[in-house]
2 protein chains.
Amino acid sequence: MNEAFPNPAKNFCDTCAVRNRAICSELDNEEIVALNAIGQRKHLSAGEQLLWEGDEAVVVANVVEGMMKLSTSTIDGKEQILGLAFPSDFIGRPFGQSTPYTVEAMTDVLVCVFRRVDFDRFAREHPRLEHKLLERTLSELDRTRKWMLILGRMTAEQRVATFLLDLSSRFATADAGPTVPFGLQLSRGQIADVLGLTIETVSREFTKLKKAGVISLPNRREVAIEKREVLEDLAG
Amino acid sequence: MNEAFPNPAKNFCDTCAVRNRAICSELDNEEIVALNAIGQRKHLSAGEQLLWEGDEAVVVANVVEGMMKLSTSTIDGKEQILGLAFPSDFIGRPFGQSTPYTVEAMTDVLVCVFRRVDFDRFAREHPRLEHKLLERTLSELDRTRKWMLILGRMTAEQRVATFLLDLSSRFATADAGPTVPFGLQLSRGQIADVLGLTIETVSREFTKLKKAGVISLPNRREVAIEKREVLEDLAG
DNA sequence: CGCACCGTTGAACATGGTCAAGACTCGTGG
DNA sequence: CCACGAGTCTTGACCATGTTCAACGGTGCG
């Protein structure tokens, strides 16, 4: 059977869910084949780590399915989530010696992995890819800086409100009404790590918002925004 | 005199203090001339702003001399400094519609300014420049993420200690001894904005460190680190 | 000299963290 | 099907850290 002897040129990019959104989107077919040759797909279970803070930067990757977190922690063990990576997001540190943060799967994840040295070489030979990566890195920097304002200057209430609005926009489906519940994906503890708060504070803010009728919590892992304007006010 | 009729091809890059460190460092002479043609030098006095948060992204620039800050603020007026730009640093948002933060001179500043559209075009035509910019953006992202840990998880004492160590390394001259005082450049208020604290807390932490003999404050605008190891311990 | 401006210090207060107990959820096994 | 237990979430009481408000001190400049 043909399936037993797969065509070596056959590439998984053809059917890739993020083919048109990830950094590869600018590449033509020939380039995609070349890129495909140096990459490989990998499944990770929730909780598995792909990169460790401080380690040599061995691989870079594209997220195809699932959700990952980038994090770091203080010497006394307090974690801070630095960013979340969704499908089509690029992770890892190209052109660098060491990985400055840990990358872990928060759900089951499918990633498209490259050895960093291979990717670096490929990128330098394909300016269109580098340009795409630059645009992505610039956006990521913008998003990260916006997050700094949250961490540096916002109250717990403002942080939670901002977080909910942000998340809702990321999961928004055009056809869904405003109050359709969406999956939180993150545990209270993870939300706390994102926002630089504790579990207890996050929980209290959630209850406060629920009692005020601003949100509802149909179950532990979902939220629905009931009064978006109020939430926007609170977010500042 | 010739000075009255400067050669239009004459370019200020030749004598530029950051010629070998800024993103232009990879360009050959011909390219430098071309870049020079679309850029211009500009002096700013301390306190002058180059970009305003939310404005259309009109210009990008290289810092040649002096120090600038990138900042944003909450709706209720609390400022957060997002980053500092030193000579050879690149500022502004290429390939973007609007500037996501305000850029202001903290000292008198000399910058090399480009209209964003000109710069964007030039960059796309010169992959080596784009590559340099990408490397710089990636480093800046790393630095910004490190900063998030400070803002999200560190105590006032840890923040101030980290800040002092960071600053000392940026002003370190190889020949200077360990306890040579260095200029703070920033007012207490600005330090507070960098660290996500208030003026008063910063002041209190400084006095605490001084009383413990860890640092000394020869005058308002200088610090000397007396016991680096202790400071490193405190920074965590 | 006098007036700003910046920095320091103190006291009261508020926000969020810590610690501890109890409730809910869900998977496992009797 | 229910009981159990682990893990997660919620709630409460107390406490610590850093903020707020206010007064005062030093320094530099007109």
# chains A, B, ... in the order shown; residues from 1 in each chain; ligands from 1
>>> closest_atom_pairs(of="chain A", to="chain B", cutoff="9 Å", atoms="only C-alpha atoms", output="CSV")
residue,atom,partner,partner_atom,distance
A:Thr72,CA,B:Leu149,CA,7.2
A:Ser73,CA,B:Leu149,CA,7.1
A:Thr74,CA,B:Gly236,CA,6.9
A:Ile75,CA,B:Gly236,CA,5.6
A:Asp76,CA,B:Gly236,CA,7.6
A:Lys78,CA,B:Arg153,CA,6.7
A:Glu79,CA,B:Arg153,CA,7.6
A:Gln80,CA,B:Leu149,CA,5.9
A:Ile81,CA,B:Leu149,CA,8.3
A:Leu82,CA,B:Arg145,CA,6.1
A:Gly83,CA,B:Arg145,CA,8.6
A:Arg93,CA,B:Leu138,CA,7.6
A:Pro94,CA,B:Leu138,CA,8.2
A:Phe95,CA,B:Glu135,CA,7.0
A:Gly96,CA,B:Glu135,CA,8.5
A:Pro100,CA,B:Asp142,CA,6.8
A:Tyr101,CA,B:Asp142,CA,8.8
A:Arg124,CA,B:His131,CA,7.7
A:Pro127,CA,B:Pro127,CA,5.9
A:Arg128,CA,B:Pro127,CA,8.8
A:Glu130,CA,B:His131,CA,7.0
A:His131,CA,B:Glu130,CA,7.0
A:Leu133,CA,B:Leu134,CA,7.8
A:Leu134,CA,B:Leu134,CA,5.3
A:Glu135,CA,B:Phe95,CA,7.0
A:Thr137,CA,B:Leu138,CA,6.7
A:Leu138,CA,B:Thr137,CA,6.7
A:Ser139,CA,B:Gly96,CA,8.7
A:Glu140,CA,B:Leu141,CA,7.8
A:Leu141,CA,B:Leu141,CA,5.5
A:Asp142,CA,B:Pro100,CA,6.8
A:Thr144,CA,B:Arg145,CA,7.1
A:Arg145,CA,B:Leu82,CA,6.1
A:Lys146,CA,B:Thr72,CA,8.2
A:Trp147,CA,B:Met148,CA,8.0
A:Met148,CA,B:Met148,CA,5.9
A:Leu149,CA,B:Gln80,CA,5.9
A:Ile150,CA,B:Thr74,CA,8.8
A:Leu151,CA,B:Gly152,CA,5.2
A:Gly152,CA,B:Gly196,CA,4.5
A:Arg153,CA,B:Gly196,CA,6.2
A:Met154,CA,B:Thr74,CA,7.7
A:Asp193,CA,B:Gly152,CA,8.6
A:Val194,CA,B:Gly152,CA,8.8
A:Leu195,CA,B:Gly152,CA,7.4
A:Gly196,CA,B:Gly152,CA,4.6
A:Leu197,CA,B:Gly152,CA,7.8
A:Gly236,CA,B:Ile75,CA,5.5
>>> write_last_selection(atoms="N, CA and C atoms", output="compact mmCIF listing (two decimals), in the first residue's frame")
# COMPACT_ATOMS: atom_id res chain seq x y z
N THR A 72 8.33 32.14 34.09
CA THR A 72 9.59 32.24 34.81
C THR A 72 9.24 32.31 36.29
N SER A 73 10.24 32.19 37.14
CA SER A 73 9.90 32.31 38.56
C SER A 73 11.03 32.92 39.37
N THR A 74 10.67 33.48 40.50
CA THR A 74 11.67 34.08 41.38
C THR A 74 12.43 32.97 42.08
N ILE A 75 13.53 33.35 42.70
CA ILE A 75 14.40 32.40 43.37
C ILE A 75 13.63 31.70 44.51
N ASP A 76 12.66 32.39 45.05
CA ASP A 76 11.87 31.79 46.13
C ASP A 76 10.60 31.11 45.60
N LYS A 78 8.11 31.83 43.37
CA LYS A 78 6.85 32.39 42.89
C LYS A 78 6.87 32.45 41.37
N GLU A 79 5.86 31.86 40.75
CA GLU A 79 5.83 31.82 39.29
C GLU A 79 5.17 33.07 38.71
N GLN A 80 5.67 33.46 37.55
CA GLN A 80 5.00 34.52 36.79
C GLN A 80 4.84 34.04 35.36
N ILE A 81 3.62 34.02 34.88
CA ILE A 81 3.39 33.67 33.49
C ILE A 81 3.70 34.88 32.61
N LEU A 82 4.54 34.70 31.61
CA LEU A 82 5.01 35.80 30.78
C LEU A 82 4.18 35.96 29.52
N GLY A 83 3.47 34.90 29.18
CA GLY A 83 2.68 34.99 27.96
C GLY A 83 2.01 33.67 27.69
N ARG A 93 13.44 30.85 21.13
CA ARG A 93 14.30 32.01 20.99
C ARG A 93 15.30 31.80 19.86
N PRO A 94 14.91 32.23 18.63
CA PRO A 94 15.86 32.10 17.53
C PRO A 94 17.05 33.05 17.75
N PHE A 95 18.17 32.73 17.14
CA PHE A 95 19.36 33.59 17.21
C PHE A 95 19.80 33.88 18.63
N GLY A 96 19.55 32.97 19.54
CA GLY A 96 19.96 33.22 20.92
C GLY A 96 20.60 31.98 21.50
N PRO A 100 15.15 32.02 27.63
CA PRO A 100 15.00 32.82 28.84
C PRO A 100 13.76 32.48 29.67
N TYR A 101 12.98 31.48 29.27
CA TYR A 101 11.80 31.14 30.04
C TYR A 101 11.36 29.72 29.73
N ARG A 124 17.54 32.94 7.82
CA ARG A 124 18.47 33.88 7.21
C ARG A 124 18.46 33.77 5.69
N PRO A 127 14.27 35.80 3.62
CA PRO A 127 13.89 37.08 4.22
C PRO A 127 12.39 37.24 4.45
N ARG A 128 11.58 36.64 3.63
CA ARG A 128 10.13 36.79 3.82
C ARG A 128 9.70 36.16 5.13
N GLU A 130 11.73 35.78 7.73
CA GLU A 130 12.26 36.65 8.78
C GLU A 130 11.38 37.87 8.98
N HIS A 131 10.88 38.39 7.88
CA HIS A 131 10.02 39.56 8.01
C HIS A 131 8.76 39.22 8.80
N LEU A 133 8.42 36.89 10.95
CA LEU A 133 8.82 36.66 12.33
C LEU A 133 9.04 37.99 13.04
N LEU A 134 9.60 38.95 12.32
CA LEU A 134 9.80 40.27 12.89
C LEU A 134 8.47 40.91 13.25
N GLU A 135 7.52 40.83 12.33
CA GLU A 135 6.20 41.44 12.61
C GLU A 135 5.56 40.81 13.84
N THR A 137 7.13 39.27 16.30
CA THR A 137 7.89 39.61 17.50
C THR A 137 7.54 41.02 17.96
N LEU A 138 7.36 41.93 16.99
CA LEU A 138 6.98 43.29 17.34
C LEU A 138 5.61 43.32 18.01
N SER A 139 4.66 42.56 17.49
CA SER A 139 3.33 42.51 18.10
C SER A 139 3.41 41.91 19.49
N GLU A 140 4.21 40.88 19.62
CA GLU A 140 4.34 40.22 20.90
C GLU A 140 4.94 41.20 21.93
N LEU A 141 5.89 41.99 21.47
CA LEU A 141 6.49 43.00 22.35
C LEU A 141 5.45 44.02 22.79
N ASP A 142 4.61 44.44 21.85
CA ASP A 142 3.53 45.36 22.19
C ASP A 142 2.62 44.75 23.25
N THR A 144 3.24 42.34 25.33
CA THR A 144 3.96 42.16 26.58
C THR A 144 4.05 43.47 27.35
N ARG A 145 4.30 44.54 26.64
CA ARG A 145 4.40 45.84 27.30
C ARG A 145 3.07 46.27 27.87
N LYS A 146 2.01 45.96 27.16
CA LYS A 146 0.68 46.29 27.66
C LYS A 146 0.44 45.54 28.98
N TRP A 147 0.92 44.32 29.02
CA TRP A 147 0.79 43.49 30.20
C TRP A 147 1.55 44.08 31.40
N MET A 148 2.66 44.75 31.09
CA MET A 148 3.44 45.38 32.16
C MET A 148 2.62 46.40 32.92
N LEU A 149 1.77 47.11 32.19
CA LEU A 149 0.92 48.09 32.85
C LEU A 149 -0.02 47.40 33.83
N ILE A 150 -0.55 46.27 33.41
CA ILE A 150 -1.41 45.48 34.28
C ILE A 150 -0.67 45.11 35.56
N LEU A 151 0.52 44.56 35.37
CA LEU A 151 1.27 44.06 36.52
C LEU A 151 1.78 45.19 37.41
N GLY A 152 2.16 46.30 36.80
CA GLY A 152 2.79 47.36 37.57
C GLY A 152 1.81 48.30 38.24
N ARG A 153 0.67 48.51 37.62
CA ARG A 153 -0.16 49.62 38.08
C ARG A 153 -1.62 49.30 38.36
N MET A 154 -2.08 48.11 38.01
CA MET A 154 -3.52 47.89 38.16
C MET A 154 -3.88 47.18 39.46
N ASP A 193 -1.26 33.31 38.28
CA ASP A 193 0.11 33.47 37.80
C ASP A 193 0.19 34.42 36.62
N VAL A 194 -0.85 34.44 35.80
CA VAL A 194 -0.88 35.38 34.69
C VAL A 194 -0.97 36.81 35.21
N LEU A 195 -1.81 37.01 36.21
CA LEU A 195 -2.11 38.36 36.66
C LEU A 195 -1.23 38.87 37.79
N GLY A 196 -0.32 38.03 38.26
CA GLY A 196 0.52 38.45 39.37
C GLY A 196 -0.27 38.58 40.66
N LEU A 197 -1.24 37.68 40.87
CA LEU A 197 -2.06 37.71 42.08
C LEU A 197 -1.99 36.33 42.73
N GLY A 236 -10.75 49.89 33.23
CA GLY A 236 -10.10 51.19 33.14
C GLY A 236 -9.56 51.47 31.75
>>> calpha_fit_rmsd(fixed="chain B", moving="chain A")
0.1 Å
>>> residues_around(residues="C:DG16", least_positions_apart="3", cutoff="9 Å", atoms="only C-alpha atoms (C1' of nucleotides)", output="ChimeraX atom specification")
/A:156,197-198,201 /D:17
>>> interface_residues(of="chain D", to="chain A", cutoff="10 Å", atoms="only C-alpha atoms (C1' of nucleotides)", output="ChimeraX atom specification")
/D:8-11
>>> closest_residue(among="C:DG22, C:DT15, C:DT8, C:DC1", to="chain A", atoms="only C-alpha atoms (C1' of nucleotides)")
C:DT15
>>> interface_residues(of="chain C", to="chain A", cutoff="12 Å", atoms="only C-alpha atoms (C1' of nucleotides)", output="PDB file with C-alpha atoms (C1' of nucleotides), in the first residue's frame")
ATOM      1  C1'  DA C  14      -6.141  49.843  52.355  1.00  0.00           C
ATOM      2  C1'  DT C  15      -5.191  46.292  49.411  1.00  0.00           C
ATOM      3  C1'  DG C  16      -3.956  42.025  48.731  1.00  0.00           C
ATOM      4  C1'  DG C  17      -1.333  38.038  50.876  1.00  0.00           C
ATOM      5  C1'  DT C  18      -1.179  34.248  54.250  1.00  0.00           C
ATOM      6  C1'  DC C  19      -3.047  30.707  56.804  1.00  0.00           C
ATOM      7  C1'  DC C  24     -17.568  21.346  45.589  1.00  0.00           C
ATOM      8  C1'  DT C  25     -16.151  18.228  41.642  1.00  0.00           C
TER       9       DT C  25
END
>>> residues_around(residues="B:Leu84", least_positions_apart="2", cutoff="7 Å", atoms="only C-alpha atoms (C1' of nucleotides)", output="list of chain:residue names")
B:Met68, B:Lys69, B:Leu70, B:Phe86
